[in-house]
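Next comes entry27.txt, with compact mmCIF, C-alpha atoms and all ligand atoms.
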```txt
# COMPACT_ATOMS: atom_id res chain seq x y z
CA MET A 1 -10.25 130.24 44.64
CA ALA A 2 -13.06 127.77 43.95
CA GLU A 3 -13.75 127.56 40.25
CA GLU A 4 -17.29 128.04 39.05
CA VAL A 5 -17.87 126.41 35.68
CA ILE A 6 -21.25 126.37 33.96
CA LEU A 7 -22.06 124.98 30.52
CA LEU A 8 -25.15 126.15 28.65
CA ASP A 9 -25.84 123.34 26.24
CA PHE A 10 -28.44 121.35 24.31
CA TRP A 11 -28.04 117.56 24.30
CA PRO A 12 -27.98 116.84 20.50
CA SER A 13 -25.58 119.69 19.71
CA PRO A 14 -22.26 118.51 18.24
CA PHE A 15 -20.85 121.89 19.26
CA GLY A 16 -21.92 121.38 22.85
CA MET A 17 -20.41 117.88 22.78
CA ARG A 18 -17.01 119.38 21.94
CA VAL A 19 -17.01 121.43 25.13
CA ARG A 20 -18.30 118.46 27.19
CA ILE A 21 -15.42 116.32 25.86
CA ALA A 22 -12.79 118.99 26.61
CA LEU A 23 -14.07 119.48 30.17
CA ALA A 24 -14.13 115.71 30.71
CA GLU A 25 -10.57 115.35 29.38
CA LYS A 26 -9.45 117.88 31.97
CA GLY A 27 -11.55 116.34 34.75
CA ILE A 28 -13.38 119.61 35.44
CA ALA A 29 -16.59 119.45 37.49
CA TYR A 30 -19.25 121.76 36.07
CA ASP A 31 -22.88 122.66 36.22
CA TYR A 32 -24.64 121.48 33.03
CA LYS A 33 -27.64 123.60 32.10
CA GLU A 34 -29.87 122.31 29.33
CA GLU A 35 -31.33 125.07 27.15
CA ASP A 36 -34.66 125.06 25.38
CA LEU A 37 -33.65 126.70 22.10
CA LYS A 38 -37.27 127.54 21.29
CA ASN A 39 -37.45 129.47 24.54
CA LYS A 40 -33.93 130.63 25.36
CA SER A 41 -33.10 131.40 28.98
CA PRO A 42 -32.33 134.97 30.09
CA LEU A 43 -28.88 133.65 31.10
CA LEU A 44 -28.14 132.46 27.53
CA LEU A 45 -29.29 135.80 26.06
CA GLU A 46 -27.15 137.67 28.56
CA MET A 47 -24.07 135.48 28.11
CA ASN A 48 -24.17 135.19 24.31
CA PRO A 49 -25.97 138.36 23.18
CA VAL A 50 -24.29 138.30 19.76
CA HIS A 51 -25.21 134.83 18.45
CA LYS A 52 -27.67 133.69 21.15
CA LYS A 53 -26.41 130.14 20.60
CA ILE A 54 -25.20 127.31 22.76
CA PRO A 55 -22.70 126.17 23.83
CA VAL A 56 -21.58 128.88 26.23
CA LEU A 57 -18.94 128.13 28.81
CA ILE A 58 -19.25 130.40 31.84
CA HIS A 59 -16.07 130.43 33.89
CA ASN A 60 -16.28 132.37 37.15
CA GLY A 61 -19.10 134.47 35.71
CA LYS A 62 -17.42 135.21 32.39
CA PRO A 63 -18.78 133.75 29.16
CA VAL A 64 -16.74 132.09 26.42
CA CYS A 65 -18.76 131.59 23.21
CA GLU A 66 -18.12 129.47 20.08
CA SER A 67 -17.25 125.83 20.70
CA LEU A 68 -13.76 125.76 19.18
CA ILE A 69 -12.81 128.90 21.09
CA ALA A 70 -14.18 127.38 24.31
CA VAL A 71 -12.18 124.16 23.75
CA GLN A 72 -8.99 126.19 23.26
CA TYR A 73 -9.78 128.29 26.32
CA ILE A 74 -10.27 125.15 28.44
CA ASP A 75 -6.96 123.79 27.14
CA GLU A 76 -5.16 126.99 28.09
CA VAL A 77 -6.71 127.45 31.54
CA TRP A 78 -6.32 123.81 32.62
CA HIS A 79 -3.00 123.28 30.87
CA ASP A 80 -1.50 120.87 33.39
CA LYS A 81 -3.57 117.87 32.24
CA SER A 82 -4.35 116.18 28.88
CA PRO A 83 -3.07 118.83 26.45
CA LEU A 84 -5.39 119.08 23.45
CA MET A 85 -3.41 121.57 21.36
CA PRO A 86 0.02 120.64 19.95
CA SER A 87 2.92 122.52 21.55
CA ASP A 88 4.53 123.37 18.20
CA PRO A 89 3.11 126.58 16.64
CA TYR A 90 3.00 125.16 13.11
CA GLU A 91 1.23 121.99 14.26
CA ARG A 92 -1.16 124.18 16.23
CA ALA A 93 -1.94 126.17 13.08
CA GLN A 94 -2.59 122.92 11.19
CA ALA A 95 -4.89 121.64 13.95
CA ARG A 96 -6.87 124.90 13.78
CA PHE A 97 -7.03 124.61 9.99
CA TRP A 98 -8.61 121.13 10.10
CA ALA A 99 -11.00 122.03 12.92
CA ASP A 100 -12.09 125.01 10.81
CA TYR A 101 -12.52 122.69 7.82
CA VAL A 102 -14.84 120.50 9.93
CA ASP A 103 -16.85 123.61 10.82
CA LYS A 104 -17.09 124.77 7.22
CA LYS A 105 -18.15 121.41 5.77
CA ILE A 106 -19.49 118.69 8.04
CA TYR A 107 -22.35 120.37 9.93
CA ASP A 108 -23.96 122.06 6.92
CA LEU A 109 -23.59 119.06 4.62
CA GLY A 110 -24.94 116.73 7.29
CA ARG A 111 -27.90 119.05 7.76
CA LYS A 112 -28.54 119.06 4.01
CA ILE A 113 -28.55 115.25 3.99
CA TRP A 114 -31.52 115.07 6.38
CA SER A 115 -33.31 118.24 5.32
CA THR A 116 -33.37 117.91 1.52
CA LYS A 117 -34.41 115.38 -1.09
CA GLY A 118 -33.59 114.38 -4.66
CA GLU A 119 -30.70 116.06 -6.45
CA GLU A 120 -29.89 118.42 -3.60
CA GLN A 121 -29.61 115.51 -1.18
CA GLU A 122 -27.48 113.48 -3.61
CA ALA A 123 -25.11 116.43 -4.04
CA ALA A 124 -24.85 116.88 -0.26
CA LYS A 125 -24.12 113.16 0.26
CA LYS A 126 -21.42 113.27 -2.41
CA GLU A 127 -19.72 116.34 -0.93
CA PHE A 128 -20.07 114.97 2.61
CA VAL A 129 -18.29 111.73 1.63
CA GLU A 130 -15.62 113.71 -0.27
CA SER A 131 -14.99 115.87 2.80
CA LEU A 132 -14.70 112.83 5.06
CA LYS A 133 -12.32 111.20 2.56
CA LEU A 134 -10.15 114.29 2.66
CA LEU A 135 -10.15 114.07 6.46
CA GLU A 136 -9.23 110.36 6.15
CA GLY A 137 -6.24 111.42 4.07
CA GLU A 138 -5.18 113.87 6.76
CA LEU A 139 -5.58 111.19 9.44
CA GLY A 140 -3.46 108.76 7.40
CA ASP A 141 -2.23 105.86 9.50
CA LYS A 142 -2.11 107.84 12.73
CA PRO A 143 -4.39 106.76 15.60
CA PHE A 144 -5.57 110.38 16.10
CA PHE A 145 -5.41 113.52 13.96
CA GLY A 146 -2.58 114.99 16.03
CA GLY A 147 -0.61 111.74 16.11
CA GLN A 148 -0.45 109.34 19.05
CA ALA A 149 -2.51 111.48 21.42
CA PHE A 150 -6.19 112.44 21.31
CA GLY A 151 -6.37 116.18 20.57
CA PHE A 152 -8.10 119.26 19.19
CA VAL A 153 -9.15 117.98 15.74
CA ASP A 154 -10.50 114.78 17.29
CA VAL A 155 -12.58 116.88 19.72
CA ALA A 156 -13.85 119.00 16.82
CA LEU A 157 -14.93 116.09 14.61
CA VAL A 158 -15.94 113.15 16.79
CA PRO A 159 -19.30 114.62 17.97
CA PHE A 160 -20.59 114.27 14.41
CA TYR A 161 -20.14 110.51 14.68
CA SER A 162 -23.24 110.46 16.90
CA TRP A 163 -25.14 111.97 13.95
CA PHE A 164 -23.82 109.47 11.35
CA TYR A 165 -26.66 107.00 11.93
CA ALA A 166 -29.23 109.75 11.28
CA TYR A 167 -27.38 110.90 8.13
CA GLU A 168 -27.14 107.31 6.88
CA THR A 169 -30.79 106.52 7.58
CA CYS A 170 -32.08 109.75 6.04
CA GLY A 171 -29.68 109.57 3.09
CA GLY A 172 -29.88 105.82 2.43
CA PHE A 173 -26.12 105.28 2.35
CA SER A 174 -23.37 103.77 4.48
CA ILE A 175 -20.64 106.05 5.76
CA GLU A 176 -18.63 103.04 6.95
CA ALA A 177 -18.64 101.55 3.44
CA GLU A 178 -17.36 104.87 2.00
CA CYS A 179 -15.02 105.95 4.78
CA PRO A 180 -14.00 102.93 6.90
CA LYS A 181 -10.95 104.68 8.35
CA ILE A 182 -12.99 107.55 9.77
CA VAL A 183 -15.42 105.12 11.39
CA ALA A 184 -12.51 103.09 12.85
CA TRP A 185 -11.00 106.34 14.17
CA ALA A 186 -14.34 107.38 15.74
CA LYS A 187 -14.64 104.00 17.45
CA ARG A 188 -11.10 104.48 18.79
CA CYS A 189 -12.12 107.90 20.18
CA LEU A 190 -15.20 106.33 21.79
CA LEU A 191 -12.96 104.10 23.89
CA ARG A 192 -12.23 107.24 25.90
CA GLN A 193 -14.75 107.94 28.64
CA SER A 194 -14.51 111.66 27.90
CA VAL A 195 -16.03 110.90 24.48
CA SER A 196 -18.40 108.01 25.25
CA ARG A 197 -19.99 109.95 28.11
CA SER A 198 -20.35 113.15 26.07
CA LEU A 199 -21.99 111.68 22.96
CA PRO A 200 -25.68 110.75 23.00
CA ASP A 201 -27.04 107.48 21.62
CA PRO A 202 -27.13 107.75 17.77
CA LYS A 203 -30.67 106.30 17.79
CA LYS A 204 -31.79 109.13 20.08
CA ILE A 205 -30.22 111.65 17.67
CA HIS A 206 -32.09 109.97 14.81
CA GLY A 207 -35.35 110.35 16.76
CA PHE A 208 -34.54 114.04 17.24
CA VAL A 209 -33.84 114.43 13.50
CA LEU A 210 -37.22 112.83 12.69
CA GLU A 211 -38.86 115.44 14.95
CA LEU A 212 -36.94 118.22 13.15
CA LYS A 213 -38.05 116.85 9.77
CA LYS A 214 -41.65 116.99 10.92
CA ARG A 215 -41.20 120.50 12.30
CA PHE A 216 -39.65 121.75 9.04
CA GLY A 217 -42.10 119.81 6.88
CA VAL A 218 -39.49 117.63 5.16
CA GLU A 219 -41.21 114.60 3.48
N1 LIG B 1 -20.30 128.09 15.61
C1 LIG B 1 -21.06 127.80 16.80
C2 LIG B 1 -22.31 127.02 16.41
C3 LIG B 1 -23.25 126.82 17.59
C4 LIG B 1 -24.64 126.44 17.14
O1 LIG B 1 -24.94 126.40 15.92
N2 LIG B 1 -25.52 126.20 18.11
C5 LIG B 1 -26.90 125.89 17.80
C6 LIG B 1 -27.31 124.53 18.35
S1 LIG B 1 -26.44 123.22 17.54
C7 LIG B 1 -27.79 126.93 18.48
O2 LIG B 1 -27.58 127.32 19.60
N3 LIG B 1 -28.85 127.36 17.78
C8 LIG B 1 -29.83 128.25 18.31
C9 LIG B 1 -30.24 129.28 17.33
O3 LIG B 1 -29.62 129.37 16.26
O4 LIG B 1 -31.17 130.01 17.61
C10 LIG B 1 -20.17 127.01 17.76
O5 LIG B 1 -19.20 126.39 17.30
O6 LIG B 1 -20.40 127.08 18.97
```

Can you dump the structure from the file as structure tokens?
Ligand SMILES: N[C@@H](CCC(=O)N[C@@H](CS)C(=O)NCC(=O)O)C(=O)O
Amino acid sequence: MAEEVILLDFWPSPFGMRVRIALAEKGIAYDYKEEDLKNKSPLLLEMNPVHKKIPVLIHNGKPVCESLIAVQYIDEVWHDKSPLMPSDPYERAQARFWADYVDKKIYDLGRKIWSTKGEEQEAAKKEFVESLKLLEGELGDKPFFGGQAFGFVDVALVPFYSWFYAYETCGGFSIEAECPKIVAWAKRCLLRQSVSRSLPDPKKIHGFVLELKKRFGVE
């Protein structure tokens, strides 16, 4: 049966990038549909009626919502190539733990860095750097979070690297000076086409963040 794969996405979304990377790792051809989140398509509302958010992976007409769930689904369906999840159940649980940690910390703190000022921004910067340092500890001396091979935690975290320039510029700090190992790891990930082709230009993300700041009246 011919596979029909559609991705509802929005170019600056780190969550969308995760699904793009997973599909690219597996070499899956798909139809990319850009959403206007200010004017959501009827297809998005039909496919993700609960959260009404992108990304949504639509596989043969059936939607899979939530980026980390979609990445795991892709890994299970196309299991013959580039495994993203470890085969050992305990290691799998650990990978899910760290991907969940990324979800609980990095997006919200990054958002606070560009959308707040003064004490609130300083606190967000501090916690953001602390979270990345913790992730650096977990990475240790391994090339990727799961060891020698690029995997699930890498897919979960690396999209945020395309936002680092915006965080640094808005926050007036250097992530590389604070967390050199994370930046070296991200550059290693970017050597993979699956990643380099899925992440937008950081300067373009910064331009998008400046638009958001205007829209939300920050500064
Ligand atoms: N937990 C979700 C987060 C997805 C998400 O926050 N998507 C944003 C774009 S980055 C969205 O669609 N926002 C539209 C809205 O909230 O109305 C995931 O991992 O997929």

Report task. Residues within 6 Å of ligand LIG 1 (chain B), counting all atoms listed in the file: report them as a ChimeraX atom specification. Result -> /A:13,15,37,53-55,66-68

Query raised in the report: With all atoms listed in the file as the atoms that count, which of A:Ile113, A:Leu23, A:Val56, A:Val183 lies nearest to Ala166 of chain A?
Result: A:Ile113

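Here the question is which of A:Phe145, A:Trp185, A:Phe152, A:Trp114 gets nearest to Glu211 of chain A using all atoms listed in the file, and that residue is A:Trp114.
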
**Report entry** Straight-line distance linking atom CA of Lys181 of chain A with atom CA of Gly16 of chain A, stated in Å to one decimal
**Finding:** 24.7 Å

Report task. May I have the protein, DNA and RNA residues with any atom at most 9 Å from the point (-17.8, 113.9, 17.6), counting all atoms listed in the file, written as a PyMOL selection string? Result -> chain A and resi 14-15+17-18+21+154-163+186+189+195+198-199

Report task. Rank A:Gly172, A:Glu46, A:Leu109, A:Gly146 by their smallest atom-to-atom distance to Asp88 of chain A, using all atoms listed in the file, and report the top residue only. Result -> A:Gly146

Query - Non-local contacts of Gly147 of chain A (12 Å; all atoms listed in the file; under 4 positions in same chain excluded) as a list in words - result: Leu84, Met85, Pro86, Glu91, Ala95, Glu138, Leu139, Gly140, Asp141, Lys142, Pro143, Gly151, Phe152, Val153, Asp154 and Trp185 of chain A

Report task. Using all atoms listed in the file, determine which residues lie at most 10 Å from segment 176-178 of chain A, disregarding the query and same-chain residues fewer than 2 positions distant; provide the list as a PyMOL selection string. Result -> chain A and resi 129-130+132-133+164+168+173-174+180-184

Query - Atom-to-atom span, atom CA of Asp100 of chain A and atom CA of Lys125 of chain A, Å - result: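 Calculated distance between atom CA of Asp100 of chain A and atom CA of Lys125 of chain A is 19.9 Å.
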
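Our summary of the geometry notes that atom CA of Lys105 of chain A is positioned 27.4 Å from atom CA of Ser82 of chain A.
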
Query - Close residues, Val218 of chain A itself excluded, 8 Å, all atoms listed in the file, min 3 positions apart in chain, as a ChimeraX atom specification - result: /A:115-116,213-215

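Closest approach to Leu44 of chain A from the set A:Pro12, A:Gln72, A:Ile6, A:Ala99 is made by A:Ile6, with distances taken over only C-alpha atoms.
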
Report task. Rank nothing, just name the residue among A:Leu190, A:Cys65, A:Leu8, A:Leu135 nearest to Pro42 of chain A, using all atoms listed in the file. Result ->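 Going through A:Leu190, A:Cys65, A:Leu8, A:Leu135 one by one, the smallest distance to Pro42 of chain A is for A:Leu8.
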
Could you please fill out segment 118-143 of chain A with N, CA and C atoms and send it back as a PDB file, keeping the file's coordinate frame?
```pdb
ATOM      1  N   GLY A 118     -33.928 114.376  -3.232  1.00  0.00           N
ATOM      2  CA  GLY A 118     -33.590 114.380  -4.660  1.00  0.00           C
ATOM      3  C   GLY A 118     -32.171 114.822  -4.961  1.00  0.00           C
ATOM      4  N   GLU A 119     -32.040 115.658  -5.984  1.00  0.00           N
ATOM      5  CA  GLU A 119     -30.700 116.060  -6.450  1.00  0.00           C
ATOM      6  C   GLU A 119     -29.888 116.784  -5.393  1.00  0.00           C
ATOM      7  N   GLU A 120     -30.594 117.634  -4.628  1.00  0.00           N
ATOM      8  CA  GLU A 120     -29.890 118.420  -3.600  1.00  0.00           C
ATOM      9  C   GLU A 120     -29.294 117.478  -2.547  1.00  0.00           C
ATOM     10  N   GLN A 121     -30.090 116.460  -2.172  1.00  0.00           N
ATOM     11  CA  GLN A 121     -29.610 115.510  -1.180  1.00  0.00           C
ATOM     12  C   GLN A 121     -28.444 114.684  -1.736  1.00  0.00           C
ATOM     13  N   GLU A 122     -28.559 114.258  -2.989  1.00  0.00           N
ATOM     14  CA  GLU A 122     -27.480 113.480  -3.610  1.00  0.00           C
ATOM     15  C   GLU A 122     -26.180 114.284  -3.639  1.00  0.00           C
ATOM     16  N   ALA A 123     -26.295 115.574  -3.977  1.00  0.00           N
ATOM     17  CA  ALA A 123     -25.110 116.430  -4.040  1.00  0.00           C
ATOM     18  C   ALA A 123     -24.493 116.588  -2.644  1.00  0.00           C
ATOM     19  N   ALA A 124     -25.349 116.719  -1.633  1.00  0.00           N
ATOM     20  CA  ALA A 124     -24.850 116.880  -0.260  1.00  0.00           C
ATOM     21  C   ALA A 124     -24.144 115.605   0.192  1.00  0.00           C
ATOM     22  N   LYS A 125     -24.735 114.443  -0.113  1.00  0.00           N
ATOM     23  CA  LYS A 125     -24.120 113.160   0.260  1.00  0.00           C
ATOM     24  C   LYS A 125     -22.733 113.031  -0.378  1.00  0.00           C
ATOM     25  N   LYS A 126     -22.677 113.404  -1.667  1.00  0.00           N
ATOM     26  CA  LYS A 126     -21.420 113.270  -2.410  1.00  0.00           C
ATOM     27  C   LYS A 126     -20.338 114.159  -1.778  1.00  0.00           C
ATOM     28  N   GLU A 127     -20.708 115.407  -1.487  1.00  0.00           N
ATOM     29  CA  GLU A 127     -19.720 116.340  -0.930  1.00  0.00           C
ATOM     30  C   GLU A 127     -19.345 115.955   0.510  1.00  0.00           C
ATOM     31  N   PHE A 128     -20.333 115.422   1.241  1.00  0.00           N
ATOM     32  CA  PHE A 128     -20.070 114.970   2.610  1.00  0.00           C
ATOM     33  C   PHE A 128     -19.016 113.853   2.600  1.00  0.00           C
ATOM     34  N   VAL A 129     -19.230 112.861   1.723  1.00  0.00           N
ATOM     35  CA  VAL A 129     -18.290 111.730   1.630  1.00  0.00           C
ATOM     36  C   VAL A 129     -16.911 112.233   1.165  1.00  0.00           C
ATOM     37  N   GLU A 130     -16.913 113.161   0.200  1.00  0.00           N
ATOM     38  CA  GLU A 130     -15.620 113.710  -0.270  1.00  0.00           C
ATOM     39  C   GLU A 130     -14.881 114.403   0.867  1.00  0.00           C
ATOM     40  N   SER A 131     -15.621 115.154   1.682  1.00  0.00           N
ATOM     41  CA  SER A 131     -14.990 115.870   2.800  1.00  0.00           C
ATOM     42  C   SER A 131     -14.428 114.888   3.815  1.00  0.00           C
ATOM     43  N   LEU A 132     -15.203 113.825   4.098  1.00  0.00           N
ATOM     44  CA  LEU A 132     -14.700 112.830   5.060  1.00  0.00           C
ATOM     45  C   LEU A 132     -13.474 112.104   4.497  1.00  0.00           C
ATOM     46  N   LYS A 133     -13.477 111.877   3.176  1.00  0.00           N
ATOM     47  CA  LYS A 133     -12.320 111.200   2.560  1.00  0.00           C
ATOM     48  C   LYS A 133     -11.064 112.066   2.664  1.00  0.00           C
ATOM     49  N   LEU A 134     -11.275 113.360   2.513  1.00  0.00           N
ATOM     50  CA  LEU A 134     -10.150 114.290   2.660  1.00  0.00           C
ATOM     51  C   LEU A 134      -9.619 114.229   4.092  1.00  0.00           C
ATOM     52  N   LEU A 135     -10.549 114.169   5.050  1.00  0.00           N
ATOM     53  CA  LEU A 135     -10.150 114.070   6.460  1.00  0.00           C
ATOM     54  C   LEU A 135      -9.446 112.723   6.705  1.00  0.00           C
ATOM     55  N   GLU A 136      -9.906 111.670   6.036  1.00  0.00           N
ATOM     56  CA  GLU A 136      -9.230 110.360   6.150  1.00  0.00           C
ATOM     57  C   GLU A 136      -7.787 110.465   5.675  1.00  0.00           C
ATOM     58  N   GLY A 137      -7.591 111.220   4.592  1.00  0.00           N
ATOM     59  CA  GLY A 137      -6.240 111.420   4.070  1.00  0.00           C
ATOM     60  C   GLY A 137      -5.362 112.126   5.082  1.00  0.00           C
ATOM     61  N   GLU A 138      -5.928 113.116   5.747  1.00  0.00           N
ATOM     62  CA  GLU A 138      -5.180 113.870   6.760  1.00  0.00           C
ATOM     63  C   GLU A 138      -4.864 112.972   7.962  1.00  0.00           C
ATOM     64  N   LEU A 139      -5.807 112.110   8.318  1.00  0.00           N
ATOM     65  CA  LEU A 139      -5.580 111.190   9.440  1.00  0.00           C
ATOM     66  C   LEU A 139      -4.474 110.204   9.098  1.00  0.00           C
ATOM     67  N   GLY A 140      -4.484 109.714   7.841  1.00  0.00           N
ATOM     68  CA  GLY A 140      -3.460 108.760   7.400  1.00  0.00           C
ATOM     69  C   GLY A 140      -3.489 107.519   8.279  1.00  0.00           C
ATOM     70  N   ASP A 141      -2.298 107.064   8.671  1.00  0.00           N
ATOM     71  CA  ASP A 141      -2.230 105.860   9.500  1.00  0.00           C
ATOM     72  C   ASP A 141      -2.081 106.181  10.978  1.00  0.00           C
ATOM     73  N   LYS A 142      -2.274 107.442  11.318  1.00  0.00           N
ATOM     74  CA  LYS A 142      -2.110 107.840  12.730  1.00  0.00           C
ATOM     75  C   LYS A 142      -3.358 107.394  13.521  1.00  0.00           C
ATOM     76  N   PRO A 143      -3.202 107.102  14.810  1.00  0.00           N
ATOM     77  CA  PRO A 143      -4.390 106.760  15.600  1.00  0.00           C
ATOM     78  C   PRO A 143      -5.325 107.965  15.775  1.00  0.00           C
TER      79      PRO A 143
END
```
